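Trainee: Shown below is the structure under consideration.
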Amino acid sequence: MTARKDIEHVTQRIRERSKPAREAYLARIADAASKTANRAVLSCGNLAHGFAVCSPSDKAALAGDRVPNLGIITSYNDMLSAHQPFETYPQLIKQAAREAGGVAQVAGGVPAMCDGVTQGQPGMELSLFSRDVIAMATAVGLSHNMFDAAVYLGVCDKIVPGLVIGALTFGHLPAVFIPAGPMTSGLPNDEKAKVRQLYAEGKVGRAELLEAEAKSYHGPGTCTFYGTANSNQMLMEIMGLHTPGSSFVNPGTPLRDALTKEAAKRALAITQLGNAYTPVGRMIDERSVVNGVVGLHATGGSTNHTIHLIAMAAAAGIQLTWQDISDLSDMVPLLARVYPNGLADVNHFNAAGGMGFLIRELIGAGLVHDDVGTIWGEGLAHYTVEATLGADGSVVRRPAPAISHDEKVLAPVAKAFQPTGGLKVLSGNLGKAIIKTSAVKPEKRLIEAPAIVFDSQQALNDAFKAGELDRDFIAIVRFQGPRANGMPELHKLTTVLGVLQDRGRKVALVTDGRMSGASGKVPAAIHVTPEALDGGVIGKVRTGDVMRLDADAGTLEVLVPAAELEARRAEFLDLSANGHGFGRELFEGFRALATRADQGATAFAA
């Protein structure tokens with residue numbers, strides 16, 4: 001089934017805009033394909049180094065240049081709950097490769113930081129640009145030109161976008177992404193949020209807060225709320241980079257291991273040495289990117305992907321814009337209610353029908369392109385399934401359920417939770433911003449109130465503790481953009497502003513920084529661009545100025561006469577203290593080169 005005309009119109013617009021960059025990209029990967037997947041281009045010394053530690057049988061296979069070699073790029077560490085399961089994956093992948101008549105080697109590791117650990121800490125200022133470091137580390141691992149395909153082990157926030165950018169830079173190689181799955185359900189996310197608010201109000205102590213957090217984040221796998229990490233997994237499946245039905249299977253299960261081995265074998269099956277060559281740079285095209293955006297809207301996914309998807313697409317010569325994302329939001333209904341957009345977690349989403357049900361609904365309504373390439377073959381319809389474990393230990397797929405098992409969590413298109421997607425672009429005299437509406441009640445989406453200006457999230461938290469914020473206001477938190485301090489997430493503000501809103505106050509946030517992918521019920525205009533450090537109008541707002549934020553109308557304004565606003569000088573802040581400590585000095589070059597948020601906030605040249 002083809003996509004609806006309005007979806008196709010946006011896709012064609014992207015295609016036409018991207019044509020020069022896309023054609024140049026495709027020419028580059030075609031040239032690379034002619035010079036790789038052939039270890040004969042390596043000297044004997046090169047090759048000897050490349051297989052020095054392999055077994056005799058693997059050495060013989062690689063020396064003969066007739067056996068595919070699979071590169072493993074891993075983001076394993078045992079500090080991220082979602083990445084700890086990757087410790088055992090390389091051996092599973094190597095075993096699967098041998099069973100398939102191939103070889104697999106760990107090509108390299110990439111850094112993987114946990115935003116949950118660094119929220120509100122100086123280390124969070126490294127987070128966004130860790131994405132670009134991960135892309136560069138991926139390139140280092142694959143630069144040895146030993147590989148016919150690659151598998152990518154990653155789950156969380158910046159790691160998957162960085163791996164995708166790296167994979168597309170080596171777009172002549174097939175790429176298969178292998179997830180670890182979500183942890184089992186723990187303390188419900190809404191109960192955890194209540195304890196956080198009680199702690200912020202001084203009604204419970206640190207011991208009670210730590211107990212609640214530990215019951216919520218309690219074992220291997222992704223955090224179970226629908227933040228950036230789980231939005232990543234949704235994207236990898238709907239864009240055809242996962243094997244069908246593999247995104248939300250819990251770690252440490254026989255099915256998870258079977259899916260991992262199957263993914264390795266699939267990567268070997270689609271190399272240039274066989275008949276199903278599927279280079280990722282050709283496979284991922286404008287239709288794939290649009291499908292990813294549609295999935296993001298349909299599930300109420302992370303705001304962070306309004307930055308990441310632009311950077312990911314650009315790595316394949318595709319020019320995605322905020323306007324494209326906003327226009328698609330107007331076309332795509334919200335079909336999932338997963339915390340913070342509801343009370344359920346991703347395990348409940350998967351049990352209700354998961355990705356197979358969601359994709360089938362989107363195909364049936366003409367909201368996605370079915371005629372796309374995937375690692376499983378042509379057509380997104382391959383993904384309208386759920387994966388189970390067969391009696392012999394292999395993966396067996398069956399059609400996704402015909403009806404949702406819980407329509408309060410996962411709805412059919414005919415019973416969508418709202419007619420539009422969860423993300424929207426705001427425009428006005430401050431520039432442009434992003435807002436997540438799927439978790440904000442309709443009556444909270446319009447607010448007109450005086451501004452209170454802060455230059456850090458700590459300053460806002462201090463004002464709250466001092467009792468200075470028990471009123472209606474719009475918080476302006478500036479100098480948080482990519483060039484200022486690396487655009488850290490301002491997740492600590494979610495709790496404080498949530499407390500004030502629950503007290504009946506009308507509050508909102510406007511910032512050139514980011515919020516967590518799990519931010520929710522308080523209206524937040526984020527990623528304001530141009531940022532304050534670049535002289536953006538957000539730097540001209542003064543405490544007491546009346547602001548108006550209308551999420552439904554898509555407007556963001558400071559209600560100051562144009563002449564007065566023009567005459568004001570944008571304020572600047574001494575940010576030298578943010579330039580060192582916790583490795584921040586090593587990221588100075590990234591901040592200096594960073595593009596605007598609506599251009600992907602990347603240090604790489606367009």
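Within each chain, counting starts at residue 1; across the structure tokens, chains are named A, B, ... in the order shown, with ligands numbered 1 upward in that order.
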Would you give me, as JSON lines, each residue of range 496-573 of chain A having an atom within 12 Å of an atom of range 122-133 of chain A, along with its shortest atom pair and that distance in Å to one decimal, using only C-alpha atoms and sorting by chain and residue number?

Mentor:
```
{"residue": "A:Gly513", "atom": "CA", "partner": "A:Glu125", "partner_atom": "CA", "distance": 10.7}
{"residue": "A:Arg514", "atom": "CA", "partner": "A:Leu128", "partner_atom": "CA", "distance": 9.6}
{"residue": "A:Met515", "atom": "CA", "partner": "A:Met124", "partner_atom": "CA", "distance": 11.7}
{"residue": "A:Ser516", "atom": "CA", "partner": "A:Met124", "partner_atom": "CA", "distance": 11.4}
```

Trainee: Enumerate as a PyMOL selection string all residues of range 143-296 of chain A assigned to strand (DSSP E or B) by DSSP on the backbone, naming them with the chain letters and numbers the document uses.

Mentor: chain A and resi 149-153+175-178+182+222

Trainee: For Asp552 in chain A, please output as a ChimeraX atom specification all residues within 12 Å (counting only C-alpha atoms; exclusion window: fewer than 4 positions along the same chain).

Mentor: /A:326,329-330,420-427,435-438,440-447,523,556

Trainee: Could the residues in this selection be saved with C-alpha atoms as an mmCIF file, in the first residue's frame?

Mentor:
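Saved as result-v5.cif:
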```
data_model
loop_
_atom_site.group_PDB
_atom_site.id
_atom_site.type_symbol
_atom_site.label_atom_id
_atom_site.label_comp_id
_atom_site.auth_asym_id
_atom_site.auth_seq_id
_atom_site.Cartn_x
_atom_site.Cartn_y
_atom_site.Cartn_z
ATOM 1 C CA SER A 326 5.736 19.772 12.212
ATOM 2 C CA SER A 329 2.623 15.946 13.161
ATOM 3 C CA ASP A 330 -0.549 17.538 11.798
ATOM 4 C CA THR A 420 -2.320 14.869 15.708
ATOM 5 C CA GLY A 421 1.121 13.743 16.787
ATOM 6 C CA GLY A 422 2.897 14.468 20.023
ATOM 7 C CA LEU A 423 5.433 17.048 18.802
ATOM 8 C CA LYS A 424 4.914 20.516 17.402
ATOM 9 C CA VAL A 425 7.053 23.429 16.197
ATOM 10 C CA LEU A 426 6.388 26.817 17.775
ATOM 11 C CA SER A 427 7.195 30.064 15.944
ATOM 12 C CA ILE A 435 7.033 21.447 22.293
ATOM 13 C CA LYS A 436 5.795 17.989 23.258
ATOM 14 C CA THR A 437 2.019 18.142 23.525
ATOM 15 C CA SER A 438 1.129 14.470 23.932
ATOM 16 C CA VAL A 440 0.213 18.039 28.272
ATOM 17 C CA LYS A 441 -3.507 18.274 29.008
ATOM 18 C CA PRO A 442 -5.376 20.417 26.460
ATOM 19 C CA GLU A 443 -6.342 23.027 29.057
ATOM 20 C CA LYS A 444 -2.641 23.516 29.937
ATOM 21 C CA ARG A 445 -1.454 24.201 26.386
ATOM 22 C CA LEU A 446 -2.168 27.945 26.366
ATOM 23 C CA ILE A 447 -0.520 30.168 28.938
ATOM 24 C CA PRO A 523 4.214 22.905 28.714
ATOM 25 C CA LEU A 556 5.549 31.579 21.094
#
```

Trainee: Could you pull the residues within 7 Å of range 168-171 of chain A, counting only C-alpha atoms, minus those fewer than 2 positions along the same chain, as a PyMOL selection string?

Mentor: chain A and resi 29+164-166+173+279-281+315-316

Trainee: Point out the residue among A:Gly219, A:Gly539, A:Gly108, A:Gly120 with the least atom-to-atom distance to Lys492 in chain A, counting only C-alpha atoms.

Mentor: A:Gly120

Trainee: Taking only C-alpha atoms into account, which of A:Ala387, A:Pro161, A:Val338, A:Asp285 comes nearest Gln319 in chain A?

Mentor: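 For Gln319 in chain A, the nearest of the candidates is A:Asp285.
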
Trainee: Pick out the residues sitting within 9 Å of Leu259 in chain A, and hand them over as an mmCIF file with C-alpha atoms, in the first residue's frame; count only C-alpha atoms, and ignore anything fewer than 3 positions along from it in its own chain.

Mentor:
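Resulting contents of around_26.cif:
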```
data_model
loop_
_atom_site.group_PDB
_atom_site.id
_atom_site.type_symbol
_atom_site.label_atom_id
_atom_site.label_comp_id
_atom_site.auth_asym_id
_atom_site.auth_seq_id
_atom_site.Cartn_x
_atom_site.Cartn_y
_atom_site.Cartn_z
ATOM 1 C CA ILE A 178 20.851 -5.194 17.677
ATOM 2 C CA THR A 243 15.028 -7.561 12.698
ATOM 3 C CA SER A 246 13.024 -7.463 18.202
ATOM 4 C CA PRO A 254 16.171 -17.274 25.370
ATOM 5 C CA LEU A 255 14.212 -15.250 22.798
ATOM 6 C CA ARG A 256 16.568 -12.293 23.222
ATOM 7 C CA GLU A 262 19.519 -14.290 13.983
ATOM 8 C CA ALA A 263 20.492 -10.623 13.491
ATOM 9 C CA ALA A 264 24.156 -11.570 13.047
ATOM 10 C CA ALA A 387 8.592 -12.588 17.421
ATOM 11 C CA SER A 394 14.889 -20.445 16.780
ATOM 12 C CA VAL A 395 12.865 -17.287 16.181
#
```

Trainee: One decimal, Å: what's the distance from CA of Cys44 in chain A over to CA of Leu62 in chain A, could you say?

Mentor: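 Value for the CA of Cys44 in chain A-CA of Leu62 in chain A distance: 11.7 Å.
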
Trainee: Using only C-alpha atoms, which protein or nucleic acid residues come within 9 Å of range 368-380 of chain A? Drop anything in the same chain fewer than 4 positions from it, and give the result as a ChimeraX atom specification.

Mentor: /A:1-4,7-8,174-176,238-244,266-267,270,276,278,280,282-285,287-288,290-292,294-295,359-360,362-364,384

Trainee: Based on the selection just made, write N, CA and C atoms of those residues as an mmCIF file, in the first residue's frame.

Mentor:
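Result file is selection.cif:
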```
data_model
loop_
_atom_site.group_PDB
_atom_site.id
_atom_site.type_symbol
_atom_site.label_atom_id
_atom_site.label_comp_id
_atom_site.auth_asym_id
_atom_site.auth_seq_id
_atom_site.Cartn_x
_atom_site.Cartn_y
_atom_site.Cartn_z
ATOM 1 N N MET A 1 0.850 -1.193 0.000
ATOM 2 C CA MET A 1 0.000 0.000 0.000
ATOM 3 C C MET A 1 0.882 1.239 0.000
ATOM 4 N N THR A 2 0.533 2.208 -0.817
ATOM 5 C CA THR A 2 1.322 3.438 -0.880
ATOM 6 C C THR A 2 0.875 4.413 0.199
ATOM 7 N N ALA A 3 1.743 5.371 0.481
ATOM 8 C CA ALA A 3 1.427 6.366 1.501
ATOM 9 C C ALA A 3 0.386 7.357 0.980
ATOM 10 N N ARG A 4 -0.346 7.959 1.885
ATOM 11 C CA ARG A 4 -1.315 8.988 1.538
ATOM 12 C C ARG A 4 -0.646 10.130 0.795
ATOM 13 N N ILE A 7 1.299 12.631 2.985
ATOM 14 C CA ILE A 7 2.580 12.073 3.439
ATOM 15 C C ILE A 7 3.576 12.063 2.286
ATOM 16 N N GLU A 8 3.121 11.643 1.119
ATOM 17 C CA GLU A 8 3.988 11.610 -0.057
ATOM 18 C C GLU A 8 4.440 13.011 -0.449
ATOM 19 N N PRO A 174 26.373 -3.102 4.640
ATOM 20 C CA PRO A 174 25.110 -3.414 5.304
ATOM 21 C C PRO A 174 25.244 -3.171 6.812
ATOM 22 N N ALA A 175 24.159 -2.754 7.435
ATOM 23 C CA ALA A 175 24.166 -2.434 8.861
ATOM 24 C C ALA A 175 22.937 -3.036 9.517
ATOM 25 N N VAL A 176 23.152 -3.766 10.593
ATOM 26 C CA VAL A 176 22.048 -4.318 11.387
ATOM 27 C C VAL A 176 22.236 -3.848 12.821
ATOM 28 N N ILE A 238 11.014 0.725 12.909
ATOM 29 C CA ILE A 238 10.151 1.267 11.852
ATOM 30 C C ILE A 238 10.970 1.748 10.654
ATOM 31 N N MET A 239 12.278 1.988 10.860
ATOM 32 C CA MET A 239 13.155 2.347 9.748
ATOM 33 C C MET A 239 13.840 1.127 9.139
ATOM 34 N N GLY A 240 13.497 -0.067 9.634
ATOM 35 C CA GLY A 240 13.986 -1.293 9.016
ATOM 36 C C GLY A 240 15.391 -1.683 9.366
ATOM 37 N N LEU A 241 15.925 -1.199 10.475
ATOM 38 C CA LEU A 241 17.310 -1.501 10.860
ATOM 39 C C LEU A 241 17.411 -2.580 11.936
ATOM 40 N N HIS A 242 16.292 -2.917 12.575
ATOM 41 C CA HIS A 242 16.215 -4.072 13.466
ATOM 42 C C HIS A 242 15.608 -5.244 12.705
ATOM 43 N N THR A 243 15.813 -6.441 13.202
ATOM 44 C CA THR A 243 15.028 -7.561 12.698
ATOM 45 C C THR A 243 13.601 -7.404 13.215
ATOM 46 N N PRO A 244 12.593 -7.884 12.486
ATOM 47 C CA PRO A 244 11.200 -7.651 12.875
ATOM 48 C C PRO A 244 10.859 -8.188 14.260
ATOM 49 N N ARG A 266 21.671 -12.530 9.650
ATOM 50 C CA ARG A 266 21.065 -11.699 8.615
ATOM 51 C C ARG A 266 22.070 -10.710 8.055
ATOM 52 N N ALA A 267 22.895 -10.126 8.918
ATOM 53 C CA ALA A 267 23.911 -9.187 8.444
ATOM 54 C C ALA A 267 24.858 -9.863 7.452
ATOM 55 N N ILE A 270 23.375 -10.345 3.810
ATOM 56 C CA ILE A 270 23.095 -9.205 2.926
ATOM 57 C C ILE A 270 24.358 -8.449 2.526
ATOM 58 N N ALA A 276 21.868 -10.694 -1.998
ATOM 59 C CA ALA A 276 20.887 -9.786 -1.380
ATOM 60 C C ALA A 276 21.586 -8.554 -0.803
ATOM 61 N N THR A 278 22.631 -5.310 0.572
ATOM 62 C CA THR A 278 21.777 -4.234 1.077
ATOM 63 C C THR A 278 22.625 -3.189 1.794
ATOM 64 N N VAL A 280 23.532 0.007 3.671
ATOM 65 C CA VAL A 280 22.616 0.806 4.485
ATOM 66 C C VAL A 280 22.396 2.200 3.910
ATOM 67 N N ARG A 282 22.088 3.114 0.810
ATOM 68 C CA ARG A 282 21.049 3.079 -0.215
ATOM 69 C C ARG A 282 19.707 2.693 0.388
ATOM 70 N N MET A 283 19.746 1.780 1.345
ATOM 71 C CA MET A 283 18.504 1.297 1.956
ATOM 72 C C MET A 283 17.752 2.415 2.663
ATOM 73 N N ILE A 284 18.469 3.197 3.443
ATOM 74 C CA ILE A 284 17.840 4.326 4.154
ATOM 75 C C ILE A 284 17.722 5.486 3.180
ATOM 76 N N ASP A 285 16.489 5.869 2.880
ATOM 77 C CA ASP A 285 16.258 6.989 1.974
ATOM 78 C C ASP A 285 15.205 7.923 2.577
ATOM 79 N N ARG A 287 12.050 8.083 2.256
ATOM 80 C CA ARG A 287 10.865 7.381 2.755
ATOM 81 C C ARG A 287 11.122 6.786 4.140
ATOM 82 N N SER A 288 12.312 6.233 4.336
ATOM 83 C CA SER A 288 12.663 5.658 5.635
ATOM 84 C C SER A 288 12.654 6.730 6.720
ATOM 85 N N VAL A 290 10.990 9.612 6.699
ATOM 86 C CA VAL A 290 9.598 10.010 6.964
ATOM 87 C C VAL A 290 8.908 8.967 7.837
ATOM 88 N N ASN A 291 9.134 7.683 7.562
ATOM 89 C CA ASN A 291 8.557 6.639 8.414
ATOM 90 C C ASN A 291 9.002 6.795 9.864
ATOM 91 N N GLY A 292 10.276 7.138 10.063
ATOM 92 C CA GLY A 292 10.763 7.357 11.420
ATOM 93 C C GLY A 292 10.051 8.504 12.103
ATOM 94 N N VAL A 294 7.066 9.683 11.381
ATOM 95 C CA VAL A 294 5.680 9.270 11.612
ATOM 96 C C VAL A 294 5.593 8.398 12.865
ATOM 97 N N GLY A 295 6.516 7.453 13.005
ATOM 98 C CA GLY A 295 6.532 6.616 14.202
ATOM 99 C C GLY A 295 6.719 7.430 15.468
ATOM 100 N N ILE A 359 2.756 -0.754 13.433
ATOM 101 C CA ILE A 359 3.166 -0.601 12.031
ATOM 102 C C ILE A 359 2.038 -1.031 11.099
ATOM 103 N N ARG A 360 1.338 -2.099 11.457
ATOM 104 C CA ARG A 360 0.235 -2.517 10.598
ATOM 105 C C ARG A 360 -0.852 -1.447 10.528
ATOM 106 N N LEU A 362 -0.428 1.789 10.888
ATOM 107 C CA LEU A 362 0.095 2.911 10.109
ATOM 108 C C LEU A 362 0.105 2.595 8.615
ATOM 109 N N ILE A 363 0.459 1.354 8.258
ATOM 110 C CA ILE A 363 0.420 0.966 6.845
ATOM 111 C C ILE A 363 -1.016 0.998 6.331
ATOM 112 N N GLY A 364 -1.941 0.454 7.110
ATOM 113 C CA GLY A 364 -3.329 0.387 6.695
ATOM 114 C C GLY A 364 -3.962 1.743 6.471
ATOM 115 N N THR A 384 5.030 -6.293 10.461
ATOM 116 C CA THR A 384 3.699 -6.355 11.076
ATOM 117 C C THR A 384 3.528 -7.693 11.795
#
```

Trainee: For Val558 in chain A, which residue out of A:Gly245, A:Gly583, A:Gly428, A:Gly301 is the nearest one, using only C-alpha atoms?

Mentor: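 Answer, going by the shortest atom-to-atom distance: A:Gly428.
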
Trainee: From the list A:Gly205, A:Pro90, A:Gly116, A:Gly71, which residue is nearest Phe147 in chain A when using only C-alpha atoms?

Mentor: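 Answer, going by the shortest atom-to-atom distance: A:Gly71.
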